[in-house]
>>> print(open('protein.txt').read())   # compact mmCIF, C-alpha atoms
# COMPACT_ATOMS: atom_id res chain seq x y z
CA GLY W 145 -105.32 68.79 -36.27
CA GLN W 146 -108.00 70.37 -38.37
CA GLN W 147 -109.73 73.38 -36.86
CA LEU W 148 -112.92 75.17 -37.77
CA ASN W 149 -113.59 78.79 -36.99
CA GLN W 150 -117.06 80.24 -36.71
CA SER W 151 -117.96 83.89 -37.02
CA PRO W 152 -119.43 85.68 -35.25
CA GLN W 153 -118.88 84.01 -31.87
CA SER W 154 -122.14 85.49 -30.67
CA MET W 155 -124.75 87.96 -31.74
CA PHE W 156 -128.04 89.43 -30.66
CA ILE W 157 -130.99 89.07 -32.95
CA GLN W 158 -134.13 91.11 -33.25
CA GLU W 159 -137.29 89.47 -34.44
CA GLY W 160 -137.72 89.88 -38.17
CA GLU W 161 -134.04 90.46 -38.90
CA ASP W 162 -131.97 88.32 -41.25
CA VAL W 163 -128.95 86.64 -39.69
CA SER W 164 -125.73 85.45 -41.33
CA MET W 165 -122.89 83.36 -39.96
CA ASN W 166 -119.99 81.49 -41.45
CA CYS W 167 -117.59 78.67 -40.83
CA THR W 168 -114.05 78.61 -42.17
CA SER W 169 -111.21 76.13 -42.27
CA SER W 170 -107.64 75.93 -43.43
CA SER W 171 -108.46 72.52 -44.91
CA ILE W 172 -110.92 71.47 -47.57
CA PHE W 173 -113.94 69.34 -46.77
CA ASN W 174 -116.22 67.10 -48.81
CA THR W 175 -119.26 67.57 -46.59
CA TRP W 176 -120.53 70.41 -44.42
CA LEU W 177 -123.29 70.05 -41.84
CA TRP W 178 -125.06 72.73 -39.82
CA TYR W 179 -126.61 72.03 -36.42
CA LYS W 180 -128.60 73.98 -33.85
CA GLN W 181 -128.36 73.22 -30.14
CA ASP W 182 -130.75 74.45 -27.49
CA PRO W 183 -129.62 74.63 -23.84
CA GLY W 184 -129.43 71.19 -22.25
CA GLU W 185 -130.28 69.41 -25.50
CA GLY W 186 -128.35 67.59 -28.19
CA PRO W 187 -127.52 69.26 -31.53
CA VAL W 188 -130.20 68.95 -34.18
CA LEU W 189 -129.17 68.59 -37.81
CA LEU W 190 -130.44 71.50 -39.91
CA ILE W 191 -128.79 71.25 -43.31
CA ALA W 192 -126.27 68.98 -45.04
CA LEU W 193 -124.13 70.10 -48.02
CA TYR W 194 -122.17 67.79 -50.33
CA LYS W 195 -120.95 69.78 -53.30
CA ALA W 196 -118.87 72.94 -53.71
CA GLY W 197 -121.16 75.84 -54.54
CA GLU W 198 -124.28 73.98 -53.39
CA LEU W 199 -127.04 76.14 -51.92
CA THR W 200 -129.64 74.32 -49.80
CA SER W 201 -132.65 75.62 -47.91
CA ASN W 202 -134.65 74.30 -44.98
CA GLY W 203 -137.55 76.65 -44.35
CA ARG W 204 -136.12 80.04 -43.38
CA LEU W 205 -132.59 78.63 -43.27
CA THR W 206 -130.25 78.65 -46.25
CA ALA W 207 -126.74 77.24 -46.25
CA GLN W 208 -124.02 77.30 -48.86
CA PHE W 209 -120.98 75.10 -49.47
CA GLY W 210 -118.17 77.51 -50.34
CA ILE W 211 -116.54 77.28 -53.75
CA THR W 212 -113.09 76.83 -52.21
CA ARG W 213 -114.47 73.94 -50.07
CA LYS W 214 -112.87 75.64 -47.09
CA ASP W 215 -115.94 77.47 -45.89
CA SER W 216 -119.69 77.36 -45.47
CA PHE W 217 -122.36 79.93 -44.71
CA LEU W 218 -125.70 79.83 -42.94
CA ASN W 219 -128.40 82.45 -43.27
CA ILE W 220 -131.60 82.73 -41.28
CA SER W 221 -134.26 84.95 -42.77
CA ALA W 222 -136.86 86.84 -40.75
CA SER W 223 -135.62 85.54 -37.39
CA ILE W 224 -138.09 84.53 -34.70
CA PRO W 225 -137.56 84.08 -30.94
CA SER W 226 -137.12 80.30 -31.22
CA ASP W 227 -134.06 80.81 -33.45
CA VAL W 228 -132.11 81.58 -30.28
CA GLY W 229 -129.51 78.92 -29.59
CA ILE W 230 -126.05 77.80 -30.62
CA TYR W 231 -125.34 76.99 -34.26
CA PHE W 232 -122.51 74.58 -35.03
CA CYS W 233 -120.87 73.75 -38.30
CA ALA W 234 -119.16 70.44 -38.94
CA GLY W 235 -116.84 69.44 -41.77
CA LEU W 236 -116.02 65.98 -43.01
CA ASN W 237 -113.53 64.37 -45.29
CA TYR W 238 -114.19 60.80 -46.36
CA GLY W 239 -112.46 58.28 -44.18
CA GLN W 240 -112.08 60.74 -41.34
CA ASN W 241 -114.29 61.90 -38.50
CA PHE W 242 -116.29 65.09 -38.34
CA VAL W 243 -114.58 68.26 -37.18
CA PHE W 244 -116.86 70.67 -35.30
CA GLY W 245 -116.70 74.43 -35.00
CA PRO W 246 -116.95 76.19 -31.62
CA GLY W 247 -120.43 77.51 -32.40
CA THR W 248 -122.16 80.84 -32.95
CA ARG W 249 -124.48 81.81 -30.08
CA LEU W 250 -127.65 83.67 -31.07
CA SER W 251 -129.36 85.55 -28.26
CA ALA W 252 -132.47 87.69 -28.28
CA LEU W 253 -132.18 91.42 -27.79
CA PRO W 254 -133.60 92.26 -24.36
CA ASP X 250 -137.28 60.46 -38.49
CA VAL X 251 -133.98 59.31 -37.10
CA LYS X 252 -134.13 58.74 -33.40
CA VAL X 253 -131.14 58.49 -31.10
CA THR X 254 -132.01 57.97 -27.46
CA GLN X 255 -129.83 58.07 -24.38
CA SER X 256 -130.69 56.20 -21.22
CA SER X 257 -130.53 59.16 -18.85
CA ARG X 258 -130.78 62.92 -19.21
CA TYR X 259 -129.13 63.60 -15.86
CA LEU X 260 -126.85 61.46 -13.71
CA VAL X 261 -125.05 62.13 -10.46
CA LYS X 262 -122.32 59.67 -9.48
CA ARG X 263 -119.62 59.50 -6.86
CA THR X 264 -115.89 59.46 -7.53
CA GLY X 265 -114.70 55.92 -8.17
CA GLU X 266 -118.06 54.54 -9.27
CA LYS X 267 -118.41 52.62 -12.50
CA VAL X 268 -120.79 54.47 -14.80
CA PHE X 269 -122.68 53.16 -17.82
CA LEU X 270 -124.18 55.47 -20.42
CA GLU X 271 -126.42 53.78 -22.96
CA CYS X 272 -127.32 54.92 -26.44
CA VAL X 273 -129.79 53.38 -28.87
CA GLN X 274 -130.52 54.35 -32.47
CA ASP X 275 -133.41 53.09 -34.54
CA MET X 276 -132.18 53.76 -38.08
CA ASP X 277 -129.89 50.78 -38.67
CA HIS X 278 -126.83 53.04 -38.86
CA GLU X 279 -123.44 51.37 -38.97
CA ASN X 280 -121.52 54.18 -37.30
CA MET X 281 -122.02 55.34 -33.73
CA PHE X 282 -120.08 57.89 -31.70
CA TRP X 283 -119.61 59.18 -28.17
CA TYR X 284 -118.63 62.81 -27.62
CA ARG X 285 -118.27 64.98 -24.58
CA GLN X 286 -119.08 68.67 -24.67
CA ASP X 287 -117.54 71.19 -22.32
CA PRO X 288 -117.76 74.99 -22.32
CA GLY X 289 -114.93 76.49 -24.32
CA LEU X 290 -113.74 73.08 -25.55
CA GLY X 291 -116.56 72.22 -27.92
CA LEU X 292 -117.36 68.68 -28.99
CA ARG X 293 -114.60 66.15 -28.45
CA LEU X 294 -114.73 62.60 -29.77
CA ILE X 295 -114.20 59.88 -27.16
CA TYR X 296 -114.80 56.66 -29.08
CA PHE X 297 -116.58 55.54 -32.19
CA SER X 298 -117.70 52.29 -33.72
CA TYR X 299 -118.29 51.44 -37.35
CA ASP X 300 -119.69 47.96 -36.79
CA VAL X 301 -120.85 45.55 -34.12
CA LYS X 302 -118.01 44.63 -31.76
CA MET X 303 -115.72 47.15 -33.47
CA LYS X 304 -114.44 50.23 -31.69
CA GLU X 305 -111.93 52.95 -32.39
CA LYS X 306 -110.40 55.53 -30.07
CA GLY X 307 -111.26 59.12 -30.67
CA ASP X 308 -109.36 62.14 -29.47
CA ILE X 309 -109.85 61.68 -25.71
CA PRO X 310 -110.36 57.96 -24.88
CA GLU X 311 -108.46 57.93 -21.57
CA GLY X 312 -110.67 56.89 -18.67
CA TYR X 313 -113.41 55.53 -20.92
CA SER X 314 -114.27 52.29 -22.65
CA VAL X 315 -117.13 51.32 -24.96
CA SER X 316 -119.18 48.32 -25.90
CA ARG X 317 -121.15 47.56 -29.04
CA GLU X 318 -122.76 44.15 -28.83
CA LYS X 319 -125.72 45.02 -31.06
CA LYS X 320 -125.89 47.30 -34.06
CA GLU X 321 -128.40 49.64 -32.51
CA ARG X 322 -126.74 50.03 -29.10
CA PHE X 323 -123.48 51.72 -28.13
CA SER X 324 -122.49 52.00 -24.49
CA LEU X 325 -119.95 54.30 -22.89
CA ILE X 326 -118.33 53.09 -19.69
CA LEU X 327 -116.48 55.16 -17.15
CA GLU X 328 -114.45 52.54 -15.31
CA SER X 329 -113.80 54.71 -12.25
CA ALA X 330 -115.53 58.06 -12.46
CA SER X 331 -113.53 61.15 -11.60
CA THR X 332 -114.62 64.75 -11.10
CA ASN X 333 -112.95 65.81 -14.36
CA GLN X 334 -115.41 63.57 -16.18
CA THR X 335 -118.27 65.84 -15.19
CA SER X 336 -119.62 66.87 -18.57
CA MET X 337 -122.38 66.66 -21.14
CA TYR X 338 -122.12 63.35 -23.02
CA LEU X 339 -123.59 63.13 -26.49
CA CYS X 340 -124.16 59.99 -28.51
CA ALA X 341 -124.52 60.14 -32.28
CA SER X 342 -125.11 57.79 -35.16
CA SER X 343 -124.46 58.37 -38.81
CA LEU X 344 -125.78 57.39 -42.15
CA LEU X 345 -123.30 56.85 -44.95
CA ALA X 346 -124.97 56.22 -48.28
CA GLY X 347 -122.93 57.16 -51.32
CA VAL X 348 -121.88 60.75 -50.76
CA VAL X 349 -124.61 61.35 -48.18
CA TYR X 350 -123.08 61.45 -44.72
CA GLU X 351 -125.29 62.78 -41.96
CA GLN X 352 -124.70 62.51 -38.24
CA TYR X 353 -127.58 62.59 -35.78
CA PHE X 354 -127.26 63.28 -32.06
CA GLY X 355 -129.15 62.09 -29.02
CA PRO X 356 -130.50 64.51 -26.38
CA GLY X 357 -127.40 64.19 -24.21
CA THR X 358 -126.65 63.00 -20.68
CA ARG X 359 -125.43 65.56 -18.20
CA LEU X 360 -123.16 63.68 -15.81
CA THR X 361 -122.01 65.14 -12.53
CA VAL X 362 -119.30 63.32 -10.59
CA THR X 363 -119.00 64.40 -6.98
>>> encode(input="protein.txt", output="structure tokens")
Amino acid sequence: GQQLNQSPQSMFIQEGEDVSMNCTSSSIFNTWLWYKQDPGEGPVLLIALYKAGELTSNGRLTAQFGITRKDSFLNISASIPSDVGIYFCAGLNYGQNFVFGPGTRLSALP
Amino acid sequence: DVKVTQSSRYLVKRTGEKVFLECVQDMDHENMFWYRQDPGLGLRLIYFSYDVKMKEKGDIPEGYSVSREKKERFSLILESASTNQTSMYLCASSLLAGVVYEQYFGPGTRLTVT
């Protein structure tokens, strides 16, 4: 079946730093979604992308739909402590169900 | 704002019990989903429904059944709970309008089967 890979698997963030992560697939998708999940909670939708090359922002978050339609990127600018959590990507082709990545875990530097 | 609610945040059940997990969404979405989430395995689709009284098997339907009698409510049933069904269960509903396809999750139910 379709698989999504997310990179990095985990990273430490320092307040004020910019953070980048990506999601890649061997298949093309028509829609990319990005979610954040806090411990013990359900994923919260952050950004939805519908068109190759599209760049969409939500506050300090910016996501891009890759030109090849096989990848997507999420950037967080000027990170703050509450950005800690797990970020998931999800890809969709029409008529099929969402495929989810394994997540990128952001943790705060001690 | 879209709201997806789940009947319980935490449940503890005994092996062999019948377990009902309820999910309600308030946005008139046609599609509803049940996933389970386990460390290292990610989100796995159990069942989904694209209309009232309609249901489709996902990737891991064994040991589960579902019911959708009303558009806003989608129930997951564990006919005879087993310890390997201990997991985080997530309900979701989705909006499909033209090319817009967004899926929204509930807060999750952490089920422990002892």
>>> axis_aligned_box(input="protein.txt", around="stretch 210-218 of chain W", padding_each_side="6 Å", output="lines of an AutoDock Vina configuration file")
center_x = -119.3
center_y = 76.9
center_z = -48.3
size_x = 24.8
size_y = 18.0
size_z = 22.8
>>> interface_residues(input="protein.txt", of="chain W", to="chain X", cutoff="9 Å", atoms="all atoms listed in the file", output="list in words")
Asn174, Thr175, Leu177, Gly184, Glu185, Gly186, Pro187, Val188, Leu189, Ala192, Leu193, Tyr194, Leu236, Tyr238, Asn241, Phe242, Val243, Phe244, Gly245, Pro246 and Gly247 of chain W
>>> residues_around(input="protein.txt", residues="W:Gly160", least_positions_apart="4", cutoff="9 Å", atoms="all atoms listed in the file", output="list in words")
Ser221, Ala222, Ser223 and Ile224 of chain W
>>> write_last_selection(input="protein.txt", atoms="C-alpha atoms", output="mmCIF file, in the frame of the given file")
data_model
loop_
_atom_site.group_PDB
_atom_site.id
_atom_site.type_symbol
_atom_site.label_atom_id
_atom_site.label_comp_id
_atom_site.auth_asym_id
_atom_site.auth_seq_id
_atom_site.Cartn_x
_atom_site.Cartn_y
_atom_site.Cartn_z
ATOM 1 C CA SER W 221 -134.260 84.950 -42.770
ATOM 2 C CA ALA W 222 -136.860 86.840 -40.750
ATOM 3 C CA SER W 223 -135.620 85.540 -37.390
ATOM 4 C CA ILE W 224 -138.090 84.530 -34.700
#
>>> residues_near_point(input="protein.txt", point="(-116.4, 68.2, -5.2)", cutoff="10 Å", atoms="only C-alpha atoms", output="list in words")
Arg263, Thr264, Ser331, Thr332, Thr361, Val362 and Thr363 of chain X
>>> closest_residue(input="protein.txt", among="W:Leu190, W:Asp182, W:Leu148, W:Asp227", to="W:Lys214", atoms="all atoms listed in the file")
W:Leu148
>>> atom_distance(input="protein.txt", atom1="atom CA of W:Trp176", atom2="atom CA of W:Gly229")
19.3 Å
>>> closest_residue(input="protein.txt", among="X:Thr254, X:Ser342, X:Gln334, X:Asn280", to="X:Val268", atoms="only C-alpha atoms")
X:Gln334
>>> closest_residue(input="protein.txt", among="W:Thr248, W:Gln158, W:Ser201, W:Asn166", to="W:Ile230", atoms="all atoms listed in the file")
W:Thr248
>>> residues_around(input="protein.txt", residues="W:Gly210", least_positions_apart="3", cutoff="12 Å", atoms="only C-alpha atoms", output="PDB file with C-alpha atoms, in the coordinates of the input")
ATOM      1  CA  ASN W 166    -119.990  81.490 -41.450  1.00  0.00           C
ATOM      2  CA  CYS W 167    -117.590  78.670 -40.830  1.00  0.00           C
ATOM      3  CA  THR W 168    -114.050  78.610 -42.170  1.00  0.00           C
ATOM      4  CA  SER W 169    -111.210  76.130 -42.270  1.00  0.00           C
ATOM      5  CA  ILE W 172    -110.920  71.470 -47.570  1.00  0.00           C
ATOM      6  CA  PHE W 173    -113.940  69.340 -46.770  1.00  0.00           C
ATOM      7  CA  ASN W 174    -116.220  67.100 -48.810  1.00  0.00           C
ATOM      8  CA  THR W 175    -119.260  67.570 -46.590  1.00  0.00           C
ATOM      9  CA  TRP W 176    -120.530  70.410 -44.420  1.00  0.00           C
ATOM     10  CA  LEU W 193    -124.130  70.100 -48.020  1.00  0.00           C
ATOM     11  CA  TYR W 194    -122.170  67.790 -50.330  1.00  0.00           C
ATOM     12  CA  LYS W 195    -120.950  69.780 -53.300  1.00  0.00           C
ATOM     13  CA  ALA W 196    -118.870  72.940 -53.710  1.00  0.00           C
ATOM     14  CA  GLY W 197    -121.160  75.840 -54.540  1.00  0.00           C
ATOM     15  CA  GLU W 198    -124.280  73.980 -53.390  1.00  0.00           C
ATOM     16  CA  LEU W 199    -127.040  76.140 -51.920  1.00  0.00           C
ATOM     17  CA  THR W 200    -129.640  74.320 -49.800  1.00  0.00           C
ATOM     18  CA  ALA W 207    -126.740  77.240 -46.250  1.00  0.00           C
ATOM     19  CA  ARG W 213    -114.470  73.940 -50.070  1.00  0.00           C
ATOM     20  CA  LYS W 214    -112.870  75.640 -47.090  1.00  0.00           C
ATOM     21  CA  ASP W 215    -115.940  77.470 -45.890  1.00  0.00           C
ATOM     22  CA  SER W 216    -119.690  77.360 -45.470  1.00  0.00           C
ATOM     23  CA  PHE W 217    -122.360  79.930 -44.710  1.00  0.00           C
ATOM     24  CA  LEU W 218    -125.700  79.830 -42.940  1.00  0.00           C
ATOM     25  CA  GLY W 235    -116.840  69.440 -41.770  1.00  0.00           C
TER      26      GLY W 235
END
>>> atom_distance(input="protein.txt", atom1="atom CA of X:Ala330", atom2="atom CA of W:Gln181")
26.6 Å
>>> atom_distance(input="protein.txt", atom1="atom CA of W:Trp178", atom2="atom CA of X:His278")
19.8 Å
>>> residues_near_point(input="protein.txt", point="(-125.8, 43.2, -28.9)", cutoff="12 Å", atoms="all atoms listed in the file", output="list in words")
Val273, Asp300, Val301, Lys302, Met303, Ser316, Arg317, Glu318, Lys319, Lys320, Glu321, Arg322, Phe323 and Ser324 of chain X
